[in-house]
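Undergrad: The structure file protein.json (JSON, C-alpha atoms) is provided below.
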[["chain", "number", "residue", "atom", "x", "y", "z"],
["A", 27, "MET", "CA", 77.20, -39.23, -37.59],
["A", 28, "GLY", "CA", 76.13, -39.17, -33.94],
["A", 29, "PHE", "CA", 75.90, -35.40, -34.00],
["A", 30, "SER", "CA", 73.83, -35.21, -37.17],
["A", 31, "GLU", "CA", 71.49, -37.90, -35.88],
["A", 32, "SER", "CA", 70.96, -35.98, -32.65],
["A", 33, "ALA", "CA", 70.41, -32.75, -34.55],
["A", 34, "GLY", "CA", 67.84, -34.44, -36.78],
["A", 35, "THR", "CA", 66.04, -35.83, -33.78],
["A", 36, "LEU", "CA", 66.04, -32.41, -32.14],
["A", 37, "ILE", "CA", 64.67, -30.75, -35.28],
["A", 38, "LEU", "CA", 61.97, -33.39, -35.58],
["A", 39, "PHE", "CA", 61.12, -33.03, -31.89],
["A", 40, "THR", "CA", 60.93, -29.23, -32.14],
["A", 41, "ALA", "CA", 58.81, -29.41, -35.26],
["A", 42, "SER", "CA", 56.40, -31.90, -33.65],
["A", 43, "VAL", "CA", 56.03, -29.78, -30.56],
["A", 44, "ALA", "CA", 55.56, -26.65, -32.64],
["A", 45, "VAL", "CA", 52.88, -28.29, -34.79],
["A", 46, "ALA", "CA", 51.11, -29.65, -31.70],
["A", 47, "ALA", "CA", 51.26, -26.25, -30.04],
["A", 48, "GLY", "CA", 49.86, -24.64, -33.19],
["A", 49, "VAL", "CA", 46.99, -27.09, -33.33],
["A", 50, "VAL", "CA", 46.27, -26.54, -29.63],
["A", 51, "GLY", "CA", 46.35, -22.78, -30.14],
["A", 52, "LEU", "CA", 43.81, -22.96, -32.93],
["A", 53, "LEU", "CA", 41.58, -25.34, -30.99],
["A", 54, "SER", "CA", 41.76, -23.21, -27.85],
["A", 55, "VAL", "CA", 40.26, -20.26, -29.74],
["A", 56, "THR", "CA", 37.39, -22.48, -30.86],
["A", 57, "VAL", "CA", 36.88, -23.83, -27.34],
["A", 58, "GLN", "CA", 36.89, -20.32, -25.91],
["A", 59, "GLN", "CA", 34.27, -19.24, -28.45],
["A", 60, "LEU", "CA", 32.16, -22.27, -27.56],
["A", 61, "VAL", "CA", 32.37, -21.43, -23.86],
["A", 62, "GLU", "CA", 31.50, -17.77, -24.39],
["A", 63, "SER", "CA", 28.57, -18.43, -26.73],
["A", 64, "GLY", "CA", 27.23, -21.14, -24.41],
["A", 65, "GLU", "CA", 27.41, -18.86, -21.38],
["A", 66, "GLN", "CA", 25.81, -16.02, -23.34],
["A", 67, "ARG", "CA", 22.94, -18.26, -24.46],
["A", 68, "GLY", "CA", 22.46, -19.51, -20.90],
["A", 69, "GLN", "CA", 22.42, -15.94, -19.57],
["A", 70, "GLU", "CA", 19.92, -14.81, -22.22],
["A", 71, "LEU", "CA", 17.62, -17.73, -21.45],
["A", 72, "ALA", "CA", 17.86, -17.08, -17.70],
["A", 73, "ASP", "CA", 17.12, -13.38, -18.28],
["A", 74, "ARG", "CA", 14.04, -14.26, -20.34],
["A", 75, "LEU", "CA", 12.78, -16.62, -17.66],
["A", 76, "ARG", "CA", 13.16, -13.91, -15.02],
["A", 77, "THR", "CA", 11.46, -11.25, -17.16],
["A", 78, "ASP", "CA", 7.77, -10.54, -16.88],
["A", 79, "VAL", "CA", 5.79, -7.50, -17.97],
["A", 80, "GLN", "CA", 2.12, -6.80, -17.64],
["A", 81, "VAL", "CA", -0.18, -4.23, -19.24],
["A", 82, "ILE", "CA", -2.04, -2.75, -16.27],
["A", 83, "ASN", "CA", -4.54, -0.40, -17.90],
["A", 84, "ASP", "CA", -8.10, -0.44, -16.69],
["A", 85, "PRO", "CA", -9.67, -2.37, -19.59],
["A", 86, "ALA", "CA", -12.77, -0.19, -19.43],
["A", 87, "GLU", "CA", -10.96, 3.16, -19.24],
["A", 88, "LEU", "CA", -8.15, 3.51, -21.75],
["A", 89, "PRO", "CA", -7.01, 7.15, -21.95],
["A", 90, "THR", "CA", -7.45, 8.20, -25.58],
["A", 91, "SER", "CA", -6.49, 11.90, -25.75],
["A", 92, "PRO", "CA", -3.69, 11.03, -26.10],
["A", 93, "VAL", "CA", -3.60, 7.24, -25.96],
["A", 94, "VAL", "CA", -1.72, 6.17, -22.84],
["A", 95, "VAL", "CA", -0.71, 2.59, -22.08],
["A", 96, "TYR", "CA", 0.77, 1.52, -18.77],
["A", 97, "ALA", "CA", 2.96, -1.55, -18.31],
["A", 98, "LYS", "CA", 4.35, -2.86, -15.06],
["A", 99, "ASN", "CA", 7.60, -4.73, -14.65],
["A", 100, "THR", "CA", 6.34, -7.78, -12.74],
["A", 101, "GLY", "CA", 9.51, -9.80, -13.21],
["A", 102, "LEU", "CA", 12.87, -9.87, -11.48],
["A", 103, "GLU", "CA", 15.00, -8.28, -14.19],
["A", 104, "ARG", "CA", 15.77, -4.61, -14.69],
["A", 105, "LEU", "CA", 14.76, -3.64, -18.25],
["A", 106, "GLU", "CA", 15.61, -0.86, -20.67],
["A", 107, "PRO", "CA", 12.61, 1.38, -21.42],
["A", 108, "ASN", "CA", 13.97, 2.29, -24.84],
["A", 109, "GLY", "CA", 14.18, -1.37, -25.78],
["A", 110, "THR", "CA", 10.50, -1.90, -25.03],
["A", 111, "SER", "CA", 7.90, -1.63, -27.78],
["A", 112, "LEU", "CA", 4.21, -0.85, -27.94],
["A", 113, "LEU", "CA", 1.83, -2.47, -30.39],
["A", 114, "VAL", "CA", -1.78, -1.47, -30.81],
["A", 115, "ASP", "CA", -3.97, -3.88, -32.75],
["A", 116, "GLY", "CA", -0.80, -5.59, -33.96],
["A", 117, "GLN", "CA", 0.83, -2.43, -35.32],
["A", 118, "VAL", "CA", 4.09, -1.18, -33.85],
["A", 119, "ARG", "CA", 3.66, 2.37, -32.54],
["A", 120, "ALA", "CA", 7.02, 3.91, -33.35],
["A", 121, "THR", "CA", 5.72, 7.37, -32.47],
["A", 122, "ALA", "CA", 4.93, 6.45, -28.88],
["A", 123, "THR", "CA", 7.07, 8.09, -26.24],
["A", 124, "ARG", "CA", 7.94, 6.18, -23.09],
["A", 125, "SER", "CA", 8.86, 7.11, -19.56],
["A", 126, "VAL", "CA", 9.05, 5.29, -16.25],
["A", 127, "VAL", "CA", 6.63, 7.19, -14.03],
["A", 128, "ASN", "CA", 8.15, 6.12, -10.72],
["A", 129, "ALA", "CA", 11.74, 5.41, -11.75],
["A", 130, "SER", "CA", 14.19, 4.68, -8.95],
["A", 131, "ALA", "CA", 17.18, 4.45, -11.31],
["A", 132, "PRO", "CA", 17.27, 6.85, -14.28],
["A", 133, "GLY", "CA", 17.28, 5.07, -17.62],
["A", 134, "TRP", "CA", 16.02, 1.79, -16.22],
["A", 135, "TRP", "CA", 12.64, 0.12, -15.77],
["A", 136, "SER", "CA", 13.05, -1.77, -12.52],
["A", 137, "PRO", "CA", 10.81, -4.49, -11.04],
["A", 138, "GLY", "CA", 7.62, -3.01, -9.60],
["A", 139, "GLU", "CA", 7.87, 0.17, -11.68],
["A", 140, "VAL", "CA", 5.40, 1.40, -14.29],
["A", 141, "LEU", "CA", 6.36, 2.30, -17.86],
["A", 142, "GLU", "CA", 4.03, 4.79, -19.50],
["A", 143, "PHE", "CA", 3.63, 4.89, -23.30],
["A", 144, "THR", "CA", 2.05, 8.02, -24.75],
["A", 145, "ASP", "CA", 1.04, 8.10, -28.40],
["A", 146, "ALA", "CA", -0.35, 11.47, -29.46],
["A", 147, "ASP", "CA", -0.51, 10.41, -33.12],
["A", 148, "LEU", "CA", -2.91, 7.56, -32.53],
["A", 149, "THR", "CA", -6.67, 7.87, -32.76],
["A", 150, "LEU", "CA", -8.66, 4.86, -31.69],
["A", 151, "ALA", "CA", -12.14, 4.22, -32.98],
["A", 152, "ALA", "CA", -14.83, 3.22, -30.52],
["A", 153, "GLY", "CA", -14.80, -0.49, -29.83],
["A", 154, "ASP", "CA", -12.39, -3.15, -28.61],
["A", 155, "HIS", "CA", -8.65, -2.96, -29.18],
["A", 156, "THR", "CA", -5.59, -4.99, -28.24],
["A", 157, "VAL", "CA", -2.55, -3.34, -26.73],
["A", 158, "THR", "CA", 0.69, -5.28, -26.45],
["A", 159, "VAL", "CA", 3.95, -4.40, -24.73],
["A", 160, "VAL", "CA", 7.10, -6.26, -25.76],
["A", 161, "ALA", "CA", 10.29, -6.11, -23.71],
["A", 162, "GLY", "CA", 13.64, -6.02, -25.45],
["A", 163, "ASN", "CA", 14.19, -9.74, -24.91],
["A", 164, "GLY", "CA", 10.85, -10.64, -26.48],
["A", 165, "VAL", "CA", 8.78, -11.18, -23.35],
["A", 166, "ARG", "CA", 5.35, -9.69, -23.95],
["A", 167, "ASP", "CA", 1.90, -9.12, -22.54],
["A", 168, "SER", "CA", -1.35, -8.14, -24.21],
["A", 169, "LEU", "CA", -4.59, -6.69, -22.93],
["A", 170, "ARG", "CA", -7.96, -6.27, -24.61],
["A", 171, "VAL", "CA", -9.38, -2.84, -23.86],
["A", 172, "ARG", "CA", -12.59, -1.04, -24.72],
["A", 173, "VAL", "CA", -12.71, 2.50, -26.03],
["B", 15, "MET", "CA", 60.79, -40.04, -33.64],
["B", 16, "GLY", "CA", 59.04, -41.81, -30.75],
["B", 17, "LEU", "CA", 59.86, -38.98, -28.37],
["B", 18, "SER", "CA", 58.54, -36.35, -30.79],
["B", 19, "THR", "CA", 55.29, -38.18, -31.24],
["B", 20, "ALA", "CA", 54.93, -38.68, -27.50],
["B", 21, "ALA", "CA", 55.59, -34.97, -26.79],
["B", 22, "ALA", "CA", 53.07, -33.81, -29.39],
["B", 23, "PHE", "CA", 50.54, -36.33, -28.13],
["B", 24, "ALA", "CA", 51.11, -35.17, -24.55],
["B", 25, "ILE", "CA", 50.51, -31.53, -25.54],
["B", 26, "VAL", "CA", 47.30, -32.35, -27.40],
["B", 27, "MET", "CA", 46.06, -34.62, -24.62],
["B", 28, "GLY", "CA", 46.85, -32.03, -21.97],
["B", 29, "PHE", "CA", 44.90, -29.48, -23.91],
["B", 30, "ALA", "CA", 42.02, -31.89, -24.41],
["B", 31, "ILE", "CA", 41.81, -32.51, -20.66],
["B", 32, "VAL", "CA", 41.92, -28.80, -19.82],
["B", 33, "ALA", "CA", 39.42, -27.92, -22.57],
["B", 34, "THR", "CA", 37.02, -30.64, -21.49],
["B", 35, "GLY", "CA", 37.14, -29.39, -17.91],
["B", 36, "HIS", "CA", 36.59, -25.83, -19.07],
["B", 37, "LEU", "CA", 33.60, -26.80, -21.24],
["B", 38, "THR", "CA", 32.10, -28.95, -18.50],
["B", 39, "GLN", "CA", 32.39, -26.20, -15.89],
["B", 40, "SER", "CA", 30.88, -23.67, -18.29],
["B", 41, "SER", "CA", 28.02, -26.02, -19.11],
["B", 42, "LEU", "CA", 27.33, -26.68, -15.41],
["B", 43, "ARG", "CA", 27.34, -22.95, -14.66],
["B", 44, "GLY", "CA", 24.86, -22.33, -17.47],
["B", 45, "GLN", "CA", 22.61, -25.19, -16.36],
["B", 46, "GLN", "CA", 22.66, -23.92, -12.77],
["B", 47, "GLU", "CA", 21.78, -20.41, -13.89],
["B", 48, "ILE", "CA", 18.87, -21.66, -16.00],
["B", 49, "ALA", "CA", 17.68, -23.92, -13.17],
["B", 50, "ASP", "CA", 17.71, -20.94, -10.76],
["B", 51, "ALA", "CA", 15.78, -18.83, -13.26],
["B", 52, "GLN", "CA", 13.24, -21.64, -13.78],
["B", 53, "ARG", "CA", 12.73, -21.87, -10.03],
["B", 54, "ASP", "CA", 12.18, -18.09, -9.86],
["B", 55, "GLN", "CA", 9.70, -18.34, -12.73],
["B", 56, "GLN", "CA", 7.80, -21.18, -11.03],
["B", 57, "GLU", "CA", 7.57, -19.14, -7.84],
["B", 58, "ALA", "CA", 6.31, -16.14, -9.80],
["B", 59, "SER", "CA", 3.77, -18.32, -11.64],
["B", 60, "SER", "CA", 2.57, -19.69, -8.34],
["B", 61, "ALA", "CA", 2.18, -16.15, -6.97],
["B", 62, "HIS", "CA", 0.23, -15.18, -10.10],
["B", 63, "ALA", "CA", -2.03, -18.20, -9.77],
["B", 64, "THR", "CA", -2.81, -17.89, -6.08],
["B", 65, "GLY", "CA", -2.69, -14.10, -5.68],
["B", 66, "ALA", "CA", -6.03, -12.32, -5.45],
["B", 67, "PHE", "CA", -7.58, -9.37, -3.70],
["B", 68, "ALA", "CA", -10.84, -7.46, -3.68],
["B", 69, "VAL", "CA", -11.68, -3.81, -3.15],
["B", 70, "VAL", "CA", -14.20, -3.85, -0.32],
["B", 71, "GLN", "CA", -14.79, -0.18, 0.38],
["B", 72, "ARG", "CA", -14.05, 3.31, -0.87],
["B", 73, "ASN", "CA", -14.70, 6.71, 0.60],
["B", 74, "TRP", "CA", -14.64, 10.13, -1.05],
["B", 75, "THR", "CA", -14.33, 13.40, 0.86],
["B", 76, "GLU", "CA", -13.32, 16.92, -0.07],
["B", 77, "PRO", "CA", -11.41, 18.39, 2.88],
["B", 78, "GLY", "CA", -10.51, 22.01, 2.11],
["B", 79, "GLY", "CA", -11.99, 21.65, -1.36],
["B", 80, "GLN", "CA", -9.39, 19.02, -2.35],
["B", 81, "GLY", "CA", -10.48, 15.52, -3.22],
["B", 82, "ARG", "CA", -9.46, 12.69, -0.92],
["B", 83, "LEU", "CA", -10.10, 9.11, -1.91],
["B", 84, "GLN", "CA", -9.62, 6.21, 0.47],
["B", 85, "VAL", "CA", -9.75, 2.63, -0.74],
["B", 86, "TRP", "CA", -9.77, -0.53, 1.33],
["B", 87, "ALA", "CA", -8.85, -3.87, -0.20],
["B", 88, "ASN", "CA", -8.67, -7.36, 1.28],
["B", 89, "ASN", "CA", -6.01, -9.88, 0.31],
["B", 90, "THR", "CA", -8.22, -12.86, -0.51],
["B", 91, "GLY", "CA", -5.53, -15.04, -2.06],
["B", 92, "GLY", "CA", -2.81, -17.30, -0.76],
["B", 93, "VAL", "CA", 0.28, -15.11, -1.21],
["B", 94, "ALA", "CA", 1.48, -11.83, 0.25],
["B", 95, "PHE", "CA", 1.75, -8.70, -1.90],
["B", 96, "ASP", "CA", 4.14, -5.78, -1.56],
["B", 97, "ALA", "CA", 1.92, -2.99, -0.26],
["B", 98, "GLY", "CA", 4.45, -0.41, -1.37],
["B", 99, "LYS", "CA", 4.19, -1.54, -5.00],
["B", 100, "VAL", "CA", 0.42, -1.35, -5.40],
["B", 101, "ASP", "CA", -0.45, 1.05, -8.23],
["B", 102, "VAL", "CA", -3.65, 3.02, -8.60],
["B", 103, "LEU", "CA", -5.36, 4.14, -11.80],
["B", 104, "LEU", "CA", -8.26, 6.57, -11.42],
["B", 105, "ASP", "CA", -10.61, 6.53, -14.38],
["B", 106, "GLY", "CA", -7.83, 4.90, -16.38],
["B", 107, "VAL", "CA", -5.04, 7.34, -15.45],
["B", 108, "TRP", "CA", -2.04, 6.32, -13.32],
["B", 109, "ARG", "CA", -2.30, 8.30, -10.07],
["B", 110, "THR", "CA", -0.06, 6.39, -7.64],
["B", 111, "ASP", "CA", 1.79, 9.67, -7.19],
["B", 112, "LEU", "CA", -1.24, 10.94, -5.22],
["B", 113, "VAL", "CA", -1.01, 8.18, -2.61],
["B", 114, "ALA", "CA", -0.37, 10.08, 0.62],
["B", 115, "ALA", "CA", -0.77, 7.20, 3.06],
["B", 116, "ARG", "CA", -0.97, 3.45, 2.98],
["B", 117, "ASP", "CA", -1.22, 0.91, 5.78],
["B", 118, "VAL", "CA", -1.91, -2.77, 6.29],
["B", 119, "ASP", "CA", -4.37, -3.47, 9.10],
["B", 120, "GLY", "CA", -3.44, -0.06, 10.52],
["B", 121, "ASP", "CA", 0.34, -0.62, 10.32],
["B", 122, "ALA", "CA", 1.92, 2.03, 8.10],
["B", 123, "ALA", "CA", 5.46, 0.74, 8.66],
["B", 124, "THR", "CA", 5.03, -2.61, 6.95],
["B", 125, "SER", "CA", 5.03, -3.33, 3.23],
["B", 126, "VAL", "CA", 3.88, -6.92, 3.67],
["B", 127, "TRP", "CA", 0.22, -7.30, 2.73],
["B", 128, "ALA", "CA", -0.41, -10.88, 3.84],
["B", 129, "PRO", "CA", -3.43, -13.08, 3.03],
["B", 130, "GLY", "CA", -6.44, -12.10, 5.13],
["B", 131, "GLU", "CA", -5.13, -8.60, 5.79],
["B", 132, "GLN", "CA", -6.62, -5.31, 4.67],
["B", 133, "LEU", "CA", -4.77, -2.61, 2.76],
["B", 134, "ARG", "CA", -5.86, 1.01, 3.03],
["B", 135, "LEU", "CA", -4.75, 3.57, 0.47],
["B", 136, "GLN", "CA", -5.35, 7.27, 0.87],
["B", 137, "LEU", "CA", -4.99, 9.52, -2.15],
["B", 138, "ASP", "CA", -4.92, 13.27, -1.57],
["B", 139, "ASP", "CA", -5.38, 16.20, -3.95],
["B", 140, "VAL", "CA", -7.43, 14.07, -6.31],
["B", 141, "PRO", "CA", -9.05, 16.25, -9.00],
["B", 142, "THR", "CA", -12.79, 16.59, -8.55],
["B", 143, "PRO", "CA", -15.33, 15.28, -9.32],
["B", 144, "GLU", "CA", -14.97, 11.90, -7.65],
["B", 145, "PRO", "CA", -13.49, 9.33, -10.04],
["B", 146, "SER", "CA", -15.92, 6.62, -10.99],
["B", 147, "ARG", "CA", -13.33, 3.81, -11.09],
["B", 148, "ALA", "CA", -10.29, 3.07, -8.96],
["B", 149, "TRP", "CA", -8.19, 0.32, -10.57],
["B", 150, "LEU", "CA", -5.63, -1.27, -8.24],
["B", 151, "VAL", "CA", -2.71, -3.39, -9.46],
["B", 152, "THR", "CA", -0.31, -5.33, -7.23],
["B", 153, "ASP", "CA", 3.39, -6.00, -7.71],
["B", 154, "THR", "CA", 2.53, -9.36, -9.28],
["B", 155, "GLY", "CA", -0.02, -7.86, -11.66],
["B", 156, "ALA", "CA", -3.18, -8.92, -9.85],
["B", 157, "ALA", "CA", -5.86, -6.27, -10.35],
["B", 158, "ALA", "CA", -9.24, -5.28, -8.98],
["B", 159, "VAL", "CA", -11.60, -2.36, -9.40],
["B", 160, "GLY", "CA", -13.42, -0.39, -6.76]]
Could you quickly redo this structure as structure tokens?
TA:
Amino acid sequence: MGFSESAGTLILFTASVAVAAGVVGLLSVTVQQLVESGEQRGQELADRLRTDVQVINDPAELPTSPVVVYAKNTGLERLEPNGTSLLVDGQVRATATRSVVNASAPGWWSPGEVLEFTDADLTLAAGDHTVTVVAGNGVRDSLRVRV
Amino acid sequence: MGLSTAAAFAIVMGFAIVATGHLTQSSLRGQQEIADAQRDQQEASSAHATGAFAVVQRNWTEPGGQGRLQVWANNTGGVAFDAGKVDVLLDGVWRTDLVAARDVDGDAATSVWAPGEQLRLQLDDVPTPEPSRAWLVTDTGAAAVG
């Protein structure tokens, strides 16, 4: 009688602890995901705030044969050239090639450096046009130029 | 029965305390990071707003048949620029690679172009004829033509 009562108590105790541990295990995964996603969102927002790009073409002298657009990294973040896009008059120029003309680190567009877009497939009519450069994290700058 | 409940409750409560601490620390880290970035952005915005310069003189020569363009610019704003990160576009084409010499008030060793000081850029081997426009852009994006 005493033994079976103790055994029952032990089984109940073990089961309670096991269930509690299981619940904690499941919750800890959720908490970890919350922490990671929160930190990732915070990092992305901080990166965006530190990012700044600027189209630096002479508005009165846009090279047109081929069309060349220059953008300067005026922020504090190192950016990926291949993640940066060029739009001319609102149209994405997928055919534009890009290179950092004064790159200090290959494959990166560092603060103070100039990214050059060259689009040999684009012909611009005489008149005013808008060129826009968009960094991979969405930070952008536009410039009205005259051809 | 009472002991089992207490043990399970203790485990869940212990986890809740640890998890709350973890979440709070993570949240504080994220807030601090965003606050630092906002401060950096405000400083950059201030530099954009108060940074200005003007091209005051340019000189074209052709020593040995090669074009040499010198440009002088005064920092007329309220912030210093990085003289080493000033870009030059000649008739719309990036030609910073032709900059052979640059100095601030005669000092070639400094990269600080402070308010009131004059920057001189010398570009060698510039294709002739003389370019009609020299477009200068600072590290913060301020621009002027000469």
Undergrad: From the set A:Asn128, A:Thr149, A:Thr121, A:Ser111, which residue has the shortest atom-to-atom contact distance to chain B, counting all atoms listed in the file?
TA: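 The shortest atom-to-atom distance to chain B comes from A:Asn128.
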Undergrad: When distances are computed from only C-alpha atoms, which of A:Thr100, A:Leu113, A:Leu52, A:Val173 shows the smallest separation from Phe95 in chain B?
TA: A:Thr100
Undergrad: Got a sec: who's within 7 Å of Ala94 in chain B, counting only C-alpha atoms, leaving out chain neighbours fewer than 3 positions off, as a list in words?
TA: Val126, Trp127, Ala128 and Pro129 of chain B
Undergrad: Which residues are near Gly138 in chain A? Cut-off 12 Å, all atoms listed in the file, ignore same chain within fewer than 4 positions. Put them as a PyMOL selection string.
TA: (chain A and resi 77-80+82+97-105+126-130+134) or (chain B and resi 95-101+151-155)
Undergrad: I'd like a table as JSON lines: residues in chain B with an atom no more than 9 Å from chain A, each row giving the shortest atom pair and its distance in Å to one decimal, only C-alpha atoms counted, sorted by chain and rising residue number.
TA:
{"residue": "B:Met15", "atom": "CA", "partner": "A:Thr35", "partner_atom": "CA", "distance": 6.7}
{"residue": "B:Leu17", "atom": "CA", "partner": "A:Phe39", "partner_atom": "CA", "distance": 7.0}
{"residue": "B:Ser18", "atom": "CA", "partner": "A:Phe39", "partner_atom": "CA", "distance": 4.3}
{"residue": "B:Thr19", "atom": "CA", "partner": "A:Ser42", "partner_atom": "CA", "distance": 6.8}
{"residue": "B:Ala21", "atom": "CA", "partner": "A:Val43", "partner_atom": "CA", "distance": 6.4}
{"residue": "B:Ala22", "atom": "CA", "partner": "A:Val43", "partner_atom": "CA", "distance": 5.1}
{"residue": "B:Phe23", "atom": "CA", "partner": "A:Ala46", "partner_atom": "CA", "distance": 7.6}
{"residue": "B:Ile25", "atom": "CA", "partner": "A:Ala46", "partner_atom": "CA", "distance": 6.5}
{"residue": "B:Val26", "atom": "CA", "partner": "A:Val50", "partner_atom": "CA", "distance": 6.3}
{"residue": "B:Phe29", "atom": "CA", "partner": "A:Val50", "partner_atom": "CA", "distance": 6.6}
{"residue": "B:Ala30", "atom": "CA", "partner": "A:Val50", "partner_atom": "CA", "distance": 8.6}
{"residue": "B:Ala33", "atom": "CA", "partner": "A:Val57", "partner_atom": "CA", "distance": 6.8}
{"residue": "B:Thr34", "atom": "CA", "partner": "A:Val57", "partner_atom": "CA", "distance": 9.0}
{"residue": "B:His36", "atom": "CA", "partner": "A:Val61", "partner_atom": "CA", "distance": 7.8}
{"residue": "B:Leu37", "atom": "CA", "partner": "A:Val61", "partner_atom": "CA", "distance": 6.1}
{"residue": "B:Ser40", "atom": "CA", "partner": "A:Val61", "partner_atom": "CA", "distance": 6.2}
{"residue": "B:Ser41", "atom": "CA", "partner": "A:Gly64", "partner_atom": "CA", "distance": 7.2}
{"residue": "B:Arg43", "atom": "CA", "partner": "A:Glu65", "partner_atom": "CA", "distance": 7.9}
{"residue": "B:Gly44", "atom": "CA", "partner": "A:Gly68", "partner_atom": "CA", "distance": 5.0}
{"residue": "B:Gln45", "atom": "CA", "partner": "A:Gly68", "partner_atom": "CA", "distance": 7.3}
{"residue": "B:Glu47", "atom": "CA", "partner": "A:Ala72", "partner_atom": "CA", "distance": 6.4}
{"residue": "B:Ile48", "atom": "CA", "partner": "A:Ala72", "partner_atom": "CA", "distance": 5.0}
{"residue": "B:Ala49", "atom": "CA", "partner": "A:Ala72", "partner_atom": "CA", "distance": 8.2}
{"residue": "B:Asp50", "atom": "CA", "partner": "A:Ala72", "partner_atom": "CA", "distance": 7.9}
{"residue": "B:Ala51", "atom": "CA", "partner": "A:Ala72", "partner_atom": "CA", "distance": 5.2}
{"residue": "B:Gln52", "atom": "CA", "partner": "A:Leu75", "partner_atom": "CA", "distance": 6.4}
{"residue": "B:Asp54", "atom": "CA", "partner": "A:Arg76", "partner_atom": "CA", "distance": 6.7}
{"residue": "B:Gln55", "atom": "CA", "partner": "A:Leu75", "partner_atom": "CA", "distance": 6.1}
{"residue": "B:Ala58", "atom": "CA", "partner": "A:Gly101", "partner_atom": "CA", "distance": 7.9}
{"residue": "B:Lys99", "atom": "CA", "partner": "A:Gly138", "partner_atom": "CA", "distance": 5.9}
{"residue": "B:Val100", "atom": "CA", "partner": "A:Gly138", "partner_atom": "CA", "distance": 8.5}
{"residue": "B:Asp101", "atom": "CA", "partner": "A:Val140", "partner_atom": "CA", "distance": 8.4}
{"residue": "B:Leu103", "atom": "CA", "partner": "A:Asp84", "partner_atom": "CA", "distance": 7.2}
{"residue": "B:Leu104", "atom": "CA", "partner": "A:Asp84", "partner_atom": "CA", "distance": 8.8}
{"residue": "B:Asp105", "atom": "CA", "partner": "A:Glu87", "partner_atom": "CA", "distance": 5.9}
{"residue": "B:Gly106", "atom": "CA", "partner": "A:Glu87", "partner_atom": "CA", "distance": 4.6}
{"residue": "B:Val107", "atom": "CA", "partner": "A:Pro89", "partner_atom": "CA", "distance": 6.8}
{"residue": "B:Trp108", "atom": "CA", "partner": "A:Tyr96", "partner_atom": "CA", "distance": 7.8}
{"residue": "B:Thr110", "atom": "CA", "partner": "A:Asn128", "partner_atom": "CA", "distance": 8.8}
{"residue": "B:Asp111", "atom": "CA", "partner": "A:Asn128", "partner_atom": "CA", "distance": 8.1}
{"residue": "B:Arg147", "atom": "CA", "partner": "A:Glu87", "partner_atom": "CA", "distance": 8.5}
{"residue": "B:Ala148", "atom": "CA", "partner": "A:Asp84", "partner_atom": "CA", "distance": 8.8}
{"residue": "B:Trp149", "atom": "CA", "partner": "A:Asp84", "partner_atom": "CA", "distance": 6.2}
{"residue": "B:Leu150", "atom": "CA", "partner": "A:Asp84", "partner_atom": "CA", "distance": 8.8}
{"residue": "B:Val151", "atom": "CA", "partner": "A:Ile82", "partner_atom": "CA", "distance": 6.9}
{"residue": "B:Thr152", "atom": "CA", "partner": "A:Gly138", "partner_atom": "CA", "distance": 8.6}
{"residue": "B:Asp153", "atom": "CA", "partner": "A:Gly138", "partner_atom": "CA", "distance": 5.5}
{"residue": "B:Thr154", "atom": "CA", "partner": "A:Thr100", "partner_atom": "CA", "distance": 5.4}
{"residue": "B:Gly155", "atom": "CA", "partner": "A:Gln80", "partner_atom": "CA", "distance": 6.4}
{"residue": "B:Ala156", "atom": "CA", "partner": "A:Ile82", "partner_atom": "CA", "distance": 9.0}
{"residue": "B:Ala157", "atom": "CA", "partner": "A:Ile82", "partner_atom": "CA", "distance": 7.9}
{"residue": "B:Val159", "atom": "CA", "partner": "A:Asp84", "partner_atom": "CA", "distance": 8.3}
Undergrad: Which polymer residues have any atom within 8 Å of an atom of Val157 in chain A, counting all atoms listed in the file, with same-chain residues fewer than 5 positions away left out, as a ChimeraX atom specification?
TA: /A:81,95,112-116,168-171
Undergrad: Write the selection just made, keeping C-alpha atoms, as a compact mmCIF listing (two decimals), keeping the file's coordinate frame?
TA:
# COMPACT_ATOMS: atom_id res chain seq x y z
CA VAL A 81 -0.18 -4.23 -19.24
CA VAL A 95 -0.71 2.59 -22.08
CA LEU A 112 4.21 -0.85 -27.94
CA LEU A 113 1.83 -2.47 -30.39
CA VAL A 114 -1.78 -1.47 -30.81
CA ASP A 115 -3.97 -3.88 -32.75
CA GLY A 116 -0.80 -5.59 -33.96
CA SER A 168 -1.35 -8.14 -24.21
CA LEU A 169 -4.59 -6.69 -22.93
CA ARG A 170 -7.96 -6.27 -24.61
CA VAL A 171 -9.38 -2.84 -23.86
Undergrad: Taking 2 positions as the minimum chain separation for residues in the same chain, which residues sit within 6 Å of range 83-92 of chain B when counting only C-alpha atoms? Answer as a list in words.
TA: Thr64, Gly65, Ala66, Phe67, Ala68, Val69, Val70, Gln71, Arg72, Asn73, Trp74, Pro129, Gly130, Glu131, Gln132, Leu133, Arg134, Leu135, Gln136 and Leu137 of chain B
Undergrad: Which residues are close to Val93 in chain A, i.e. within 9 Å by only C-alpha atoms, leaving aside same-chain residues fewer than 4 positions away? Reply as an mmCIF file with C-alpha atoms, in the coordinates of the input.
TA:
data_model
loop_
_atom_site.group_PDB
_atom_site.id
_atom_site.type_symbol
_atom_site.label_atom_id
_atom_site.label_comp_id
_atom_site.auth_asym_id
_atom_site.auth_seq_id
_atom_site.Cartn_x
_atom_site.Cartn_y
_atom_site.Cartn_z
ATOM 1 C CA LEU A 88 -8.150 3.510 -21.750
ATOM 2 C CA PRO A 89 -7.010 7.150 -21.950
ATOM 3 C CA PHE A 143 3.630 4.890 -23.300
ATOM 4 C CA THR A 144 2.050 8.020 -24.750
ATOM 5 C CA ASP A 145 1.040 8.100 -28.400
ATOM 6 C CA ALA A 146 -0.350 11.470 -29.460
ATOM 7 C CA ASP A 147 -0.510 10.410 -33.120
ATOM 8 C CA LEU A 148 -2.910 7.560 -32.530
ATOM 9 C CA THR A 149 -6.670 7.870 -32.760
ATOM 10 C CA LEU A 150 -8.660 4.860 -31.690
#
